[in-house]
Each structure stands twice: as structure tokens, then as C-alpha cells.
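**Student:** My structure is in upload.txt, and what it holds is compact mmCIF, C-alpha atoms:
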```txt
# COMPACT_ATOMS: atom_id res chain seq x y z
CA MET A 250 -28.95 6.70 -3.80
CA SER A 251 -30.00 8.07 -7.18
CA ASP A 252 -30.00 5.98 -10.36
CA SER A 253 -27.30 8.23 -11.80
CA VAL A 254 -24.97 7.29 -8.95
CA LYS A 255 -25.87 3.59 -9.22
CA LYS A 256 -24.94 3.52 -12.91
CA ILE A 257 -21.71 5.46 -12.56
CA GLY A 258 -18.81 4.13 -14.65
CA ARG A 259 -15.07 4.42 -14.12
CA ARG A 260 -14.51 7.34 -16.48
CA THR A 261 -17.57 9.17 -15.16
CA PHE A 262 -16.50 8.54 -11.56
CA LEU A 263 -13.00 9.91 -12.08
CA GLY A 264 -14.29 12.87 -14.00
CA ALA A 265 -16.70 13.61 -11.17
CA SER A 266 -14.03 13.56 -8.47
CA GLY A 267 -14.49 17.29 -7.95
CA ARG A 268 -18.22 16.99 -7.22
CA LEU A 269 -20.39 15.72 -4.40
CA ALA A 270 -23.53 13.72 -5.02
CA GLY A 271 -26.25 16.34 -5.21
CA GLY A 272 -23.99 18.89 -6.89
CA VAL A 273 -22.07 20.34 -3.93
CA ALA A 274 -18.74 21.55 -5.31
CA LEU A 275 -15.72 20.08 -3.59
CA ALA A 276 -13.37 22.19 -5.67
CA SER A 277 -14.58 25.37 -3.98
CA THR A 278 -13.71 23.82 -0.63
CA ALA A 279 -10.22 23.06 -1.91
CA ARG A 280 -9.68 26.60 -3.17
CA SER A 281 -10.76 28.18 0.10
CA TYR A 282 -8.99 25.67 2.32
CA ALA A 283 -5.98 27.22 4.06
CA ASN A 284 -4.31 24.11 5.43
CA ILE A 285 -1.19 25.55 7.05
CA LEU A 286 -1.56 24.37 10.62
CA GLY A 287 0.05 26.23 13.47
CA ALA A 288 2.26 24.42 15.96
CA ASN A 289 -0.44 24.48 18.64
CA ASP A 290 -3.48 23.74 16.45
CA ARG A 291 -5.28 20.44 16.73
CA ILE A 292 -5.32 18.36 13.55
CA SER A 293 -8.85 17.16 12.86
CA LEU A 294 -8.90 13.79 11.13
CA GLY A 295 -11.56 11.86 9.27
CA HIS A 296 -11.29 8.12 8.67
CA VAL A 297 -12.74 6.34 5.64
CA GLY A 298 -12.96 2.54 5.79
CA ILE A 299 -12.58 1.02 9.26
CA GLY A 300 -12.11 -2.70 8.68
CA ASN A 301 -9.19 -4.79 9.95
CA ARG A 302 -6.39 -2.48 8.79
CA GLY A 303 -8.51 0.56 9.53
CA ARG A 304 -8.79 -0.46 13.18
CA GLU A 305 -4.99 -0.67 13.37
CA LEU A 306 -4.65 2.84 11.92
CA LEU A 307 -7.29 4.02 14.37
CA GLN A 308 -5.13 2.83 17.26
CA ILE A 309 -1.95 4.35 15.80
CA ALA A 310 -3.61 7.75 15.39
CA GLY A 311 -4.98 7.55 18.93
CA ALA A 312 -1.52 6.84 20.31
CA LEU A 313 -0.31 10.11 18.73
CA GLU A 314 -3.10 12.25 20.19
CA GLU A 315 -0.97 14.07 22.75
CA SER A 316 2.40 14.14 21.01
CA HIS A 317 1.00 15.37 17.69
CA LYS A 318 -2.15 17.18 18.84
CA VAL A 319 -4.56 15.14 16.77
CA GLU A 320 -8.17 13.99 17.11
CA MET A 321 -10.40 11.74 15.03
CA THR A 322 -13.51 13.85 14.58
CA ALA A 323 -15.29 11.96 11.77
CA VAL A 324 -15.55 8.36 10.62
CA CYS A 325 -17.05 6.77 7.53
CA ASP A 326 -17.79 3.18 6.59
CA LEU A 327 -20.50 1.72 4.40
CA TRP A 328 -21.20 -1.12 6.85
CA THR A 329 -23.15 -0.02 9.92
CA VAL A 330 -21.27 -2.45 12.17
CA ASN A 331 -17.85 -1.05 11.29
CA ARG A 332 -19.15 2.49 11.54
CA ASP A 333 -20.69 2.00 15.01
CA ARG A 334 -17.60 0.16 16.25
CA ALA A 335 -15.36 3.00 15.06
CA VAL A 336 -17.48 5.58 16.90
CA GLN A 337 -17.14 3.63 20.14
CA ALA A 338 -13.39 3.04 19.74
CA ASN A 339 -12.62 6.68 18.99
CA ALA A 340 -14.84 7.88 21.82
CA ALA A 341 -12.77 5.75 24.17
CA LEU A 342 -9.52 7.19 22.80
CA TYR A 343 -10.47 10.87 22.68
CA GLY A 344 -13.19 11.20 25.30
CA ARG A 345 -15.92 12.12 22.84
CA PRO A 346 -17.46 10.36 19.85
CA PRO A 347 -16.70 11.39 16.27
CA ARG A 348 -19.41 12.15 13.78
CA ALA A 349 -20.38 9.11 11.71
CA PHE A 350 -21.08 9.17 7.96
CA PRO A 351 -22.25 6.35 5.70
CA ASN A 352 -20.85 7.98 2.54
CA VAL A 353 -17.43 9.47 1.88
CA GLU A 354 -18.82 12.54 0.12
CA GLU A 355 -20.59 13.63 3.30
CA LEU A 356 -17.43 13.36 5.37
CA LEU A 357 -15.37 15.25 2.78
CA ALA A 358 -17.89 18.08 2.81
CA SER A 359 -17.01 18.74 6.48
CA LYS A 360 -14.86 21.88 6.34
CA ASP A 361 -13.46 21.30 9.83
CA VAL A 362 -11.82 18.01 8.82
CA ASP A 363 -8.21 18.76 7.92
CA ALA A 364 -7.08 15.38 6.60
CA VAL A 365 -8.35 11.86 6.07
CA LEU A 366 -7.15 8.31 6.53
CA ILE A 367 -8.18 5.98 3.67
CA SER A 368 -8.15 2.27 4.49
CA THR A 369 -10.92 0.98 2.24
CA PRO A 370 -10.60 -2.08 -0.05
CA GLU A 371 -7.81 -1.75 -2.61
CA HIS A 372 -9.91 -1.03 -5.68
CA SER A 373 -11.22 2.14 -4.04
CA HIS A 374 -7.92 3.63 -2.77
CA SER A 375 -7.16 5.81 -5.77
CA PRO A 376 -10.72 6.97 -6.52
CA ILE A 377 -11.29 8.02 -2.90
CA LEU A 378 -7.86 9.66 -2.74
CA ALA A 379 -8.80 11.73 -5.79
CA LEU A 380 -12.08 12.75 -4.14
CA ALA A 381 -10.31 13.65 -0.89
CA VAL A 382 -7.68 15.93 -2.38
CA GLU A 383 -10.22 17.60 -4.66
CA ALA A 384 -12.10 18.38 -1.44
CA GLY A 385 -8.99 20.09 -0.10
CA LYS A 386 -8.02 17.33 2.31
CA ASP A 387 -4.56 15.95 2.94
CA ALA A 388 -4.55 12.17 3.07
CA TYR A 389 -2.93 9.02 4.39
CA VAL A 390 -3.85 6.27 1.94
CA GLU A 391 -3.15 2.59 2.45
CA LYS A 392 -1.10 0.66 -0.06
CA PRO A 393 -1.31 -0.15 -2.85
CA MET A 394 -2.13 3.37 -3.88
CA GLY A 395 -4.24 1.76 -6.58
CA ASN A 396 -4.56 -1.22 -8.89
CA ALA A 397 -5.86 0.32 -12.12
CA LEU A 398 -3.47 2.44 -14.19
CA GLU A 399 -5.90 5.18 -15.21
CA GLU A 400 -7.07 5.52 -11.60
CA ILE A 401 -3.58 5.97 -10.14
CA LYS A 402 -2.81 8.52 -12.84
CA ALA A 403 -5.96 10.46 -11.96
CA ALA A 404 -5.20 10.35 -8.23
CA ARG A 405 -1.61 11.50 -8.72
CA ALA A 406 -2.75 14.37 -10.94
CA ALA A 407 -5.36 15.45 -8.38
CA VAL A 408 -2.82 15.40 -5.53
CA LYS A 409 -0.38 17.58 -7.46
CA LYS A 410 -3.01 19.95 -8.79
CA ASN A 411 -4.37 20.59 -5.30
CA GLU A 412 -0.94 20.58 -3.61
CA ARG A 413 -1.99 18.17 -0.89
CA ILE A 414 0.25 16.29 1.55
CA VAL A 415 -0.28 12.58 0.88
CA GLN A 416 1.44 9.73 2.68
CA VAL A 417 1.09 6.29 1.09
CA GLY A 418 0.99 3.45 3.61
CA THR A 419 4.29 1.76 2.75
CA GLN A 420 5.32 2.26 6.35
CA HIS A 421 8.70 0.56 6.20
CA ARG A 422 10.14 3.76 4.69
CA SER A 423 9.69 5.37 8.10
CA GLU A 424 11.07 2.55 10.25
CA PRO A 425 14.58 2.92 11.67
CA TYR A 426 16.27 -0.24 10.36
CA PRO A 427 15.18 0.12 6.71
CA ARG A 428 16.33 3.74 6.91
CA LEU A 429 19.77 2.54 8.01
CA ALA A 430 19.81 0.08 5.12
CA HIS A 431 18.71 2.75 2.63
CA ASP A 432 21.50 5.09 3.69
CA LEU A 433 24.07 2.30 3.46
CA VAL A 434 23.02 1.32 -0.06
CA GLN A 435 22.84 4.92 -1.22
CA GLY A 436 26.29 5.51 0.26
CA GLY A 437 27.75 2.97 -2.17
CA ALA A 438 28.65 0.23 0.32
CA LEU A 439 27.31 -2.51 -1.94
CA GLY A 440 28.84 -1.22 -5.13
CA GLU A 441 26.99 -1.85 -8.37
CA VAL A 442 23.89 -3.94 -7.63
CA SER A 443 22.90 -6.40 -10.35
CA LYS A 444 20.32 -8.58 -8.59
CA VAL A 445 17.78 -8.41 -5.77
CA GLU A 446 15.89 -11.39 -4.36
CA VAL A 447 12.80 -11.08 -2.15
CA GLU A 448 11.07 -14.16 -0.76
CA TRP A 449 8.28 -13.88 1.81
CA ASN A 450 6.13 -16.90 2.68
CA TYR A 451 3.10 -17.86 4.74
CA HIS A 452 1.43 -21.16 5.56
CA GLY A 453 -2.35 -20.92 5.43
CA PRO A 454 -5.35 -19.99 3.24
CA ARG A 455 -4.56 -16.31 3.45
CA TRP A 456 -7.57 -13.93 3.24
CA ARG A 457 -10.12 -16.75 3.29
CA GLY A 458 -12.38 -17.34 6.29
CA ARG A 459 -13.30 -13.84 7.45
CA PRO A 460 -16.05 -14.16 10.11
CA GLU A 461 -17.74 -10.98 8.87
CA VAL A 462 -18.87 -12.91 5.79
CA HIS A 463 -21.54 -14.55 7.95
CA GLN A 464 -22.45 -11.36 9.82
CA ILE A 465 -23.16 -8.78 7.13
CA ARG A 466 -26.61 -8.24 5.62
CA GLU A 467 -26.98 -6.45 2.32
CA GLN A 468 -29.40 -3.93 3.84
CA ASP A 469 -26.72 -2.87 6.35
CA THR A 470 -24.34 -1.58 3.69
CA ASP A 471 -24.36 0.01 0.24
CA TRP A 472 -23.14 -2.64 -2.19
CA ARG A 473 -23.22 -0.44 -5.27
CA ARG A 474 -21.09 2.19 -3.59
CA TRP A 475 -18.70 -0.52 -2.44
CA LEU A 476 -18.22 -1.61 -6.06
CA MET A 477 -17.14 1.94 -6.97
CA ALA A 478 -16.30 1.97 -10.69
CA ARG A 479 -16.24 -1.81 -11.09
CA PRO A 480 -19.06 -3.42 -13.10
CA TYR A 481 -22.18 -4.34 -11.19
CA ARG A 482 -22.53 -7.89 -9.84
CA PRO A 483 -24.98 -9.29 -7.30
CA PHE A 484 -24.15 -8.80 -3.63
CA ASP A 485 -21.56 -11.29 -2.43
CA PRO A 486 -20.38 -11.13 1.19
CA ARG A 487 -17.26 -13.15 0.33
CA VAL A 488 -16.20 -10.62 -2.28
CA TYR A 489 -17.06 -7.81 0.16
CA PHE A 490 -14.68 -9.03 2.90
CA GLU A 491 -12.36 -11.42 1.08
CA PHE A 492 -11.84 -9.15 -1.92
CA ARG A 493 -8.10 -9.89 -2.05
CA LEU A 494 -8.94 -13.29 -3.52
CA TYR A 495 -10.84 -11.87 -6.51
CA ARG A 496 -8.97 -10.44 -9.49
CA GLU A 497 -11.46 -7.67 -10.28
CA PHE A 498 -10.79 -5.98 -6.94
CA SER A 499 -7.23 -6.98 -6.03
CA SER A 500 -4.23 -8.87 -7.32
CA GLY A 501 -3.74 -10.43 -3.89
CA ILE A 502 -0.05 -11.15 -3.35
CA PRO A 503 1.27 -8.30 -5.57
CA ASP A 504 -1.09 -5.68 -4.11
CA GLN A 505 -0.63 -6.71 -0.50
CA TRP A 506 2.89 -8.11 -0.19
CA MET A 507 4.94 -7.28 -3.26
CA SER A 508 3.91 -3.63 -2.93
CA HIS A 509 5.99 -3.41 0.25
CA GLY A 510 8.94 -5.39 -1.10
CA ILE A 511 9.21 -3.57 -4.42
CA ASP A 512 8.73 -0.19 -2.76
CA LEU A 513 11.83 -0.83 -0.66
CA VAL A 514 13.76 -1.82 -3.80
CA HIS A 515 12.69 1.41 -5.50
CA TRP A 516 13.76 3.41 -2.46
CA PHE A 517 17.06 1.66 -1.74
CA LEU A 518 18.23 1.70 -5.36
CA ASN A 519 16.62 4.97 -6.47
CA ASP A 520 15.11 3.42 -9.59
CA PRO A 521 11.34 3.77 -9.24
CA LEU A 522 9.78 2.19 -12.32
CA PRO A 523 10.53 -1.20 -13.91
CA ARG A 524 11.55 -1.56 -17.52
CA SER A 525 9.78 -4.91 -17.86
CA VAL A 526 7.94 -7.50 -15.75
CA ILE A 527 7.08 -11.16 -16.22
CA ALA A 528 5.13 -13.19 -13.64
CA HIS A 529 3.91 -16.72 -13.07
CA GLY A 530 2.17 -18.77 -10.40
CA GLY A 531 -1.15 -20.39 -9.63
CA VAL A 532 -3.55 -21.75 -7.04
CA PHE A 533 -1.43 -24.70 -5.92
CA ALA A 534 -2.00 -24.81 -2.15
CA TRP A 535 -5.57 -23.65 -1.42
CA PRO A 536 -8.13 -24.51 -4.15
CA ASP A 537 -10.96 -22.88 -2.22
CA GLY A 538 -12.57 -20.85 -4.98
CA ARG A 539 -9.99 -18.06 -4.94
CA GLU A 540 -9.17 -16.47 -8.27
CA ASN A 541 -5.83 -14.90 -7.35
CA PRO A 542 -2.76 -17.12 -6.98
CA ASP A 543 -1.57 -18.48 -3.65
CA THR A 544 1.87 -19.10 -5.16
CA PHE A 545 3.42 -16.26 -7.14
CA GLN A 546 6.73 -15.16 -8.61
CA ALA A 547 7.69 -12.10 -10.62
CA LEU A 548 10.89 -11.01 -12.35
CA LEU A 549 11.35 -7.28 -12.84
CA GLU A 550 14.10 -5.61 -14.87
CA TYR A 551 15.02 -2.01 -14.08
CA PRO A 552 16.49 0.73 -16.30
CA ASN A 553 19.60 1.11 -14.13
CA GLY A 554 20.56 -2.46 -14.93
CA PHE A 555 19.47 -4.91 -12.27
CA LEU A 556 17.00 -7.77 -11.90
CA VAL A 557 14.51 -8.22 -9.05
CA SER A 558 12.98 -11.57 -8.15
CA TYR A 559 9.90 -11.46 -5.93
CA SER A 560 8.38 -14.73 -4.66
CA THR A 561 5.67 -15.78 -2.19
CA SER A 562 4.07 -19.11 -1.27
CA PHE A 563 1.06 -19.51 1.00
CA GLY A 564 1.63 -23.28 1.17
CA ASN A 565 4.84 -23.29 3.20
CA ASP A 566 6.26 -20.97 5.84
CA ALA A 567 9.92 -21.35 4.82
CA PRO A 568 11.97 -18.47 6.29
CA GLY A 569 11.72 -15.28 4.29
CA PHE A 570 14.67 -13.21 3.20
CA THR A 571 15.77 -10.34 0.98
CA ARG A 572 19.22 -9.86 -0.47
CA TYR A 573 20.74 -7.06 -2.50
CA MET A 574 23.71 -8.41 -4.43
CA GLY A 575 26.39 -5.84 -5.24
CA LYS A 576 29.93 -6.13 -6.57
CA LYS A 577 31.39 -4.95 -3.24
CA ALA A 578 28.98 -6.49 -0.73
CA THR A 579 25.63 -8.21 -0.19
CA LEU A 580 22.90 -6.76 2.01
CA PHE A 581 20.83 -9.50 3.66
CA ASN A 582 17.50 -8.97 5.39
CA PHE A 583 16.58 -12.04 7.44
CA GLY A 584 12.87 -12.66 7.80
CA GLY A 585 9.70 -11.64 6.04
CA GLU A 586 8.12 -8.26 5.50
CA GLY A 587 9.25 -5.62 7.97
CA SER A 588 12.11 -7.61 9.49
CA PRO A 589 14.61 -5.21 11.10
CA ARG A 590 17.56 -7.63 10.92
CA TYR A 591 19.92 -6.44 8.17
CA GLN A 592 23.43 -7.78 7.65
CA VAL A 593 26.16 -6.62 5.28
CA VAL A 594 28.58 -9.24 3.99
CA GLU A 595 31.58 -8.02 2.02
CA GLU A 596 32.67 -9.67 -1.21
CA LYS A 597 36.14 -11.23 -1.40
CA GLY A 598 36.58 -11.11 -5.16
CA ASN A 599 36.49 -13.97 -7.61
CA HIS A 600 36.40 -17.34 -5.87
CA GLU A 601 34.45 -20.55 -5.74
CA SER A 602 32.17 -20.43 -2.72
CA ASN A 603 33.12 -22.77 0.10
CA ALA A 604 32.73 -22.75 3.84
CA ALA A 605 36.34 -21.75 4.57
CA VAL A 606 36.27 -18.77 2.24
CA ASP A 607 32.76 -17.71 3.26
CA ALA A 608 33.82 -17.74 6.92
CA GLU A 609 36.45 -15.12 6.09
CA ARG A 610 34.00 -12.70 4.52
CA PRO A 611 33.55 -9.72 6.87
CA ALA A 612 29.95 -9.39 8.05
CA ARG A 613 28.16 -6.95 10.31
CA TYR A 614 24.57 -6.22 11.36
CA LEU A 615 23.11 -2.77 10.96
CA GLN A 616 22.51 -1.37 14.43
CA LEU A 617 20.86 1.72 15.82
CA PRO A 618 23.01 4.16 17.82
CA GLY A 619 23.81 2.62 21.21
CA GLU A 620 22.63 -0.85 20.19
CA THR A 621 25.08 -3.60 21.16
CA GLY A 622 23.24 -6.90 20.63
CA LEU A 623 21.60 -8.36 17.57
CA PRO A 624 18.70 -6.35 16.17
CA PRO A 625 15.25 -7.83 16.91
CA THR A 626 13.68 -10.34 14.55
CA SER A 627 10.42 -8.39 14.28
CA ILE A 628 8.92 -5.04 15.12
CA ASP A 629 5.58 -3.88 16.43
CA ASP A 630 3.05 -4.05 13.59
CA LEU A 631 1.54 -0.86 15.02
CA SER A 632 4.73 1.18 14.75
CA ARG A 633 3.89 4.86 14.78
CA GLU A 634 6.75 6.40 12.78
CA HIS A 635 5.00 6.56 9.41
CA MET A 636 1.84 8.27 10.61
CA ALA A 637 3.87 10.54 12.86
CA ASN A 638 5.91 11.61 9.83
CA TRP A 639 2.71 12.40 7.94
CA LEU A 640 1.25 14.44 10.80
CA GLU A 641 4.48 16.42 11.06
CA CYS A 642 4.38 17.09 7.33
CA LEU A 643 0.80 18.40 7.61
CA ARG A 644 2.26 21.24 9.67
CA THR A 645 5.52 21.83 7.79
CA ARG A 646 4.07 21.15 4.30
CA ARG A 647 7.21 19.18 3.47
CA PRO A 648 6.99 15.95 1.43
CA PRO A 649 6.43 12.85 3.60
CA HIS A 650 8.49 9.67 3.41
CA ALA A 651 6.14 7.91 0.94
CA THR A 652 4.86 10.43 -1.57
CA VAL A 653 2.21 10.06 -4.23
CA ASP A 654 5.01 9.49 -6.77
CA ASP A 655 6.34 6.62 -4.65
CA GLY A 656 2.83 5.20 -4.44
CA PHE A 657 2.39 5.55 -8.18
CA ALA A 658 5.65 3.67 -8.80
CA HIS A 659 4.95 0.66 -6.58
CA SER A 660 1.41 0.51 -7.99
CA VAL A 661 2.73 0.41 -11.57
CA ALA A 662 5.07 -2.47 -10.70
CA CYS A 663 2.27 -4.44 -9.06
CA ILE A 664 -0.21 -3.72 -11.85
CA MET A 665 2.33 -4.91 -14.41
CA ALA A 666 3.01 -8.08 -12.40
CA ALA A 667 -0.71 -8.87 -12.12
CA GLN A 668 -1.35 -8.22 -15.81
CA SER A 669 1.65 -10.36 -16.77
CA TYR A 670 0.38 -13.20 -14.60
CA TRP A 671 -3.07 -13.16 -16.18
CA SER A 672 -1.88 -12.61 -19.77
CA GLY A 673 1.15 -14.89 -19.68
CA LYS A 674 3.18 -12.16 -21.39
CA ARG A 675 6.29 -10.19 -20.58
CA LEU A 676 5.13 -6.59 -20.24
CA TYR A 677 7.03 -3.33 -20.63
CA TRP A 678 6.66 0.14 -19.18
CA ASP A 679 6.47 2.80 -21.88
CA ALA A 680 7.80 5.72 -19.86
CA ALA A 681 7.21 8.31 -22.56
CA ASN A 682 3.49 7.54 -22.74
CA GLU A 683 3.05 6.10 -19.24
CA ALA A 684 1.54 2.95 -20.68
CA ILE A 685 1.91 -0.80 -20.16
CA VAL A 686 2.67 -2.50 -23.48
CA ASP A 687 3.56 -6.01 -24.66
CA HIS A 688 6.60 -4.96 -26.71
CA ASP A 689 9.85 -3.21 -25.90
CA PRO A 690 9.16 0.51 -26.52
CA GLY A 691 12.90 1.13 -26.80
CA ARG A 692 13.23 -0.99 -29.91
CA ALA A 693 11.89 0.00 -33.30
CA ALA A 694 9.32 -2.35 -34.74
CA SER A 695 10.80 -4.66 -37.36
```
Mind converting the file's structure to C-alpha cells?

**Tutor:**
Amino acid sequence: MSDSVKKIGRRTFLGASGRLAGGVALASTARSYANILGANDRISLGHVGIGNRGRELLQIAGALEESHKVEMTAVCDLWTVNRDRAVQANAALYGRPPRAFPNVEELLASKDVDAVLISTPEHSHSPILALAVEAGKDAYVEKPMGNALEEIKAARAAVKKNERIVQVGTQHRSEPYPRLAHDLVQGGALGEVSKVEVEWNYHGPRWRGRPEVHQIREQDTDWRRWLMARPYRPFDPRVYFEFRLYREFSSGIPDQWMSHGIDLVHWFLNDPLPRSVIAHGGVFAWPDGRENPDTFQALLEYPNGFLVSYSTSFGNDAPGFTRYMGKKATLFNFGGEGSPRYQVVEEKGNHESNAAVDAERPARYLQLPGETGLPPTSIDDLSREHMANWLECLRTRRPPHATVDDGFAHSVACIMAAQSYWSGKRLYWDAANEAIVDHDPGRAAS
């Protein structure tokens, strides 16, 4: 790698998103790329970043090979072990090995790759998404779409400029039970919602203890490329694989968990960007050198007039829940992230809560057509609906279920929560200037 690439900074990297290392123009590929696929054409996929989540996406794509006429023809990972493993896994799925690339620019230069999956570490989602769409590729990018404001802005602009089909990996938007809940809320069944509570917990030192930490050698990867636009630091295998514990690369709980929860709030209530956010927490359960909190809570106020409380503890696995509190009814979701068990409980008007009155409140579970029993308590983590929706949209050119605007919105909420946690301040979204500020932009300065 050249010294100019090694010393690349964030602004330089984003400004160079239309160029390959060595000066090959990606923009020309985008301009010449006619990506309207016929009904019988095979979709050729490339995959960038094949770690834990990447291997799950690999299996999901493979399961759609026949139904959606798709093949993984190229893979890319900086670590030789992940790259070789991905070649073997895809060869087993498709009957022939994909091409393997150590660097994303080389994969994106392949004109026969129609679209890419991006499941790299969180700090590289938006920069690689920008590179991909500038190269003319459609993309499926894992959540969060990004965790730096200027980077998600640049990625969103690149997607729209190049008119690419991008699905952000907030997969619950494509699952059947959340879709039932969304339609119920949008139909007015809850009435005016004033408060939402989301609590998802886990008992254990989440994200610590990855075995790969003891397997990787610096010479088997490209550490400077892994850092992307973040400042240089010496090679650290813990940061490489346990990046969600380190604030420079991830916010941890907001990026990984709150992104899903707040995305559903945005979707259900059709109010995509918070007015203000304040967050608190700390490392109370697992003082193992992690920088990001293992116990976290955020309060988010929205322009339409409701408050959202998001909370997670890694020190206790108390049952998770979500509830949307409206004047006509409450929508409960029993369980943690992705639980399909939704119940609607009607309000009975003004009363003091007691067991006798509560027993009279009409309640019903949301059920799929033909379903008679209780909905399940969990779903397959490898559900295929979200990727299937994206693949269908590659052919129709219609917007997918989780667009780049949806990804931008959940990323803003999570970025604000992380910045509030670290600064100790209530932060506001300045919608007119798309900026995060520490004062209410709607009030004139005194």
C-alpha cells in the first residue's frame, strides 16, 4: 500500500470515494452501469467483510440462490483467514468458488458484480457504502449505517446521486409480526402515542472474549486499511475483533441494539428524527477494559410529541419488553430484540390501576392469517425476508423496506445518544442545518 493511502484522513477518504487506489475511476463504471436486471438474469453479488455477521448473511444469500437467482461471485476481507473461509463456504453453496480480493477497491472494480453486501466493522459501513455506490453497485449494508455524522451524510448523498438500491440491515422491518404491528399503529388503533419504552437486556460480558483475538497475526491483514479514516494507532487484535467495546470505532449498545429498537419506533410512528436526546450509563457490570458502557439508558424526544426511553443492561437478563402507550390502547412487545409476540391492550379511560379493572381491559395478540395459537416467542435469526426484499428491489428498482433515509435516521439517533453519553449534555437535532447542537435550535438565544 502506498504512503498516500496509509496517511489518508477522513475528509480525504470521503472526497476520494469516486476513485480507486491507483487512479482507476469508479465514477465511469457507475455512469456506464445499466443495472436493470431482467426476470431471468442471475444477480451477481460481492461480499465485503465476512466475520461473524458476514457469515450469517452469507448463509441467507445462499438460501435464496434458487428462488431469487443469485450467486456470490466475489468476496473481500482484509484477514486471510476470513477470506479463505468465505471462499470455501460459498463454493459449497454455489458449486464453484468466488473470486477473493484483499481490498474493497479491487472487488468494486469488477464490472460483473451487480451488488455488494457490506458487513464490515461499524466505523467502515458508511465509507464503504459510499465507495460501492460510486462504483455503480447496489448495496445491502449492515446497521448502523454509520456512526459519524459527516460520513452518513456523504454516504446518503452518494446513494441518491447514483440512484442505487440500498437496503440497510434493520431486518425487523421485513419480518411479518413487526409489519402487523406497524400497520396497526399507523391505522390509529393506539390513538395519540405519548410514550414508548424499550428495554432489552443480556447477562454476560458482551463482545469480549472473541477467540480470533489470539489467532490473528498483523502480517495476515492490513491494519491501516482496517482503521479507515480513524487516526492511526498500533495494531491491537482486541480492537480489531472486539471493536464494539471501543468508543472510537463503535458506541456499543446504541450502535448494535438501540439502532434496531429506535428504527422500529421511527417506522411505527412515522417520526424519523429526534428533537433531542440525553443519555447516561457506565461500566457497572464488566470492568474488563471496555470503554463503552455495559449499562445504558437514553431518553429521546420527538417532534410529533412523544418520549422514547431506551434501556439495556449486560449485568442482568431480566425479560425485555417494548410498549407503545397511546390514549386508546397500549401495544406490548414481550421479549427482547426481534420478538414476534405483540399484544394490544385497550384503555378503559381514567381509573386507578388495579387487578380487577386491568382484568377487564380487552387484550389480543397480533396473529398472522390462519394463526390460532399464541405467536412464537422468537424467530429464526437467519430470517430471509429482508434480503429477499432487497433482491426483489434490485430487479424492480423500487425502494426497499429500509432505505438509506431510514438508515440515516437511526444513525443520527444513535450518534446523538453516544455523544450525549460521553459529553453529559442534552443534545438537539438542528434539522435545518442537519447538525447536532447543545442548545435548542427552535429557541432564540437570550

**Student:** Which residues come within 12 Å of Ala406 in chain A, counting all atoms listed in the file, excluding same-chain residues fewer than 6 positions away, as a VMD selection string?

**Tutor:** chain A and resid 263 266 375 to 376 378 to 380 382 to 383 399 to 400 412 to 413 653 to 654 657

**Student:** Let me have the centre and edge lengths of the axis-aligned box enclosing all listed atoms of range 477-485 of chain A with 6 Å padding on every side, in Å to one decimal, as lines of an AutoDock Vina configuration file.

**Tutor:**
```
center_x = -20.6
center_y = -4.7
center_z = -7.8
size_x = 20.7
size_y = 25.3
size_z = 22.7
```

**Student:** Of the candidates A:Leu429, A:Val462, A:Ala341, A:Val445, which one gets nearest to Leu556 in chain A if we count only C-alpha atoms?

**Tutor:**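 Ranked by minimum distance to Leu556 in chain A, first place goes to A:Val445.
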
**Student:** Can you tell me how far CA of Leu294 in chain A sits from CA of Asp333 in chain A, in Å to one decimal?

**Tutor:** 17.1 Å

**Student:** Can you tell me, as a PyMOL selection string, what residues are no more than 12 Å from Val686 in chain A when counting all atoms listed in the file, ignoring any on the same chain fewer than 4 positions away?

**Tutor:** chain A and resi 524-526+665+668-669+672+674-682+690-691

**Student:** Would you please work out which residue, of A:Ser560, A:Ser660, A:Asn396, A:Ser588, is nearest to Pro625 in chain A when using only C-alpha atoms?

**Tutor:**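 Smallest separation from Pro625 in chain A among the options: A:Ser588.
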
**Student:** Using all atoms listed in the file, can you tell me which of A:Ile299, A:Val336, A:Ile511, A:Ile527 comes closest to Arg422 in chain A?

**Tutor:**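 So, comparing all the options, the nearest one is A:Ile511.
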
**Student:** Leaving out Asp512 in chain A and any residue of its chain fewer than 5 positions from it, which residues lie within 8 Å of it when counting only C-alpha atoms, given as a list in words?

**Tutor:** Thr419, Asp655, Ala658 and His659 of chain A

**Student:** Generate a file of the selected residues that holds C-alpha atoms, formatted as a PDB file, keeping the file's coordinate frame.

**Tutor:**
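Result saved to out_30.pdb:
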```pdb
ATOM      1  CA  THR A 419       4.290   1.760   2.750  1.00  0.00           C
ATOM      2  CA  ASP A 655       6.340   6.620  -4.650  1.00  0.00           C
ATOM      3  CA  ALA A 658       5.650   3.670  -8.800  1.00  0.00           C
ATOM      4  CA  HIS A 659       4.950   0.660  -6.580  1.00  0.00           C
TER       5      HIS A 659
END
```

**Student:** Tell me, as a list in words, which residues lie within 12 Å of His463 in chain A, counting all atoms listed in the file; anything in the same chain fewer than 6 positions away does not count.

**Tutor:**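 Everything that qualifies: Asp485, Pro486, Arg487, Tyr489, Phe490 and Glu491 of chain A.
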
**Student:** Hey, can you spit out that residue selection with C-alpha atoms as a PDB file, in the frame of the given file?

**Tutor:**
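As written to disk, again.pdb reads:
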```pdb
ATOM      1  CA  ASP A 485     -21.560 -11.290  -2.430  1.00  0.00           C
ATOM      2  CA  PRO A 486     -20.380 -11.130   1.190  1.00  0.00           C
ATOM      3  CA  ARG A 487     -17.260 -13.150   0.330  1.00  0.00           C
ATOM      4  CA  TYR A 489     -17.060  -7.810   0.160  1.00  0.00           C
ATOM      5  CA  PHE A 490     -14.680  -9.030   2.900  1.00  0.00           C
ATOM      6  CA  GLU A 491     -12.360 -11.420   1.080  1.00  0.00           C
TER       7      GLU A 491
END
```

**Student:** Hey, can you check how far CA of Gly300 in chain A sits from CA of Thr369 in chain A?

**Tutor:**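 Going from CA of Gly300 in chain A over to CA of Thr369 in chain A covers 7.5 Å.
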
**Student:** In the coordinates of the file, take the point (-18.3, 0.2, 3.7) and a cut-off of 10 Å; then, counting only C-alpha atoms, name each qualifying protein, DNA or RNA residue as a list in words.

**Tutor:** Val297, Gly298, Ile299, Gly300, Cys325, Asp326, Leu327, Trp328, Thr329, Val330, Asn331, Arg332, Pro351, Asn352, Val353, Thr369, Pro370, Asp469, Thr470, Asp471, Trp472, Arg474, Trp475, Leu476, Tyr489 and Phe490 of chain A

**Student:** Quote the spacing between CA of Gln337 in chain A and CA of Arg455 in chain A in Å to one decimal place.

**Tutor:** 28.9 Å

**Student:** Please determine, counting only C-alpha atoms, which residue among A:Thr579, A:Gly531, A:Tyr591, A:Phe545 has the shortest atom-to-atom distance to Pro611 in chain A.

**Tutor:**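 Smallest separation from Pro611 in chain A among the options: A:Thr579.
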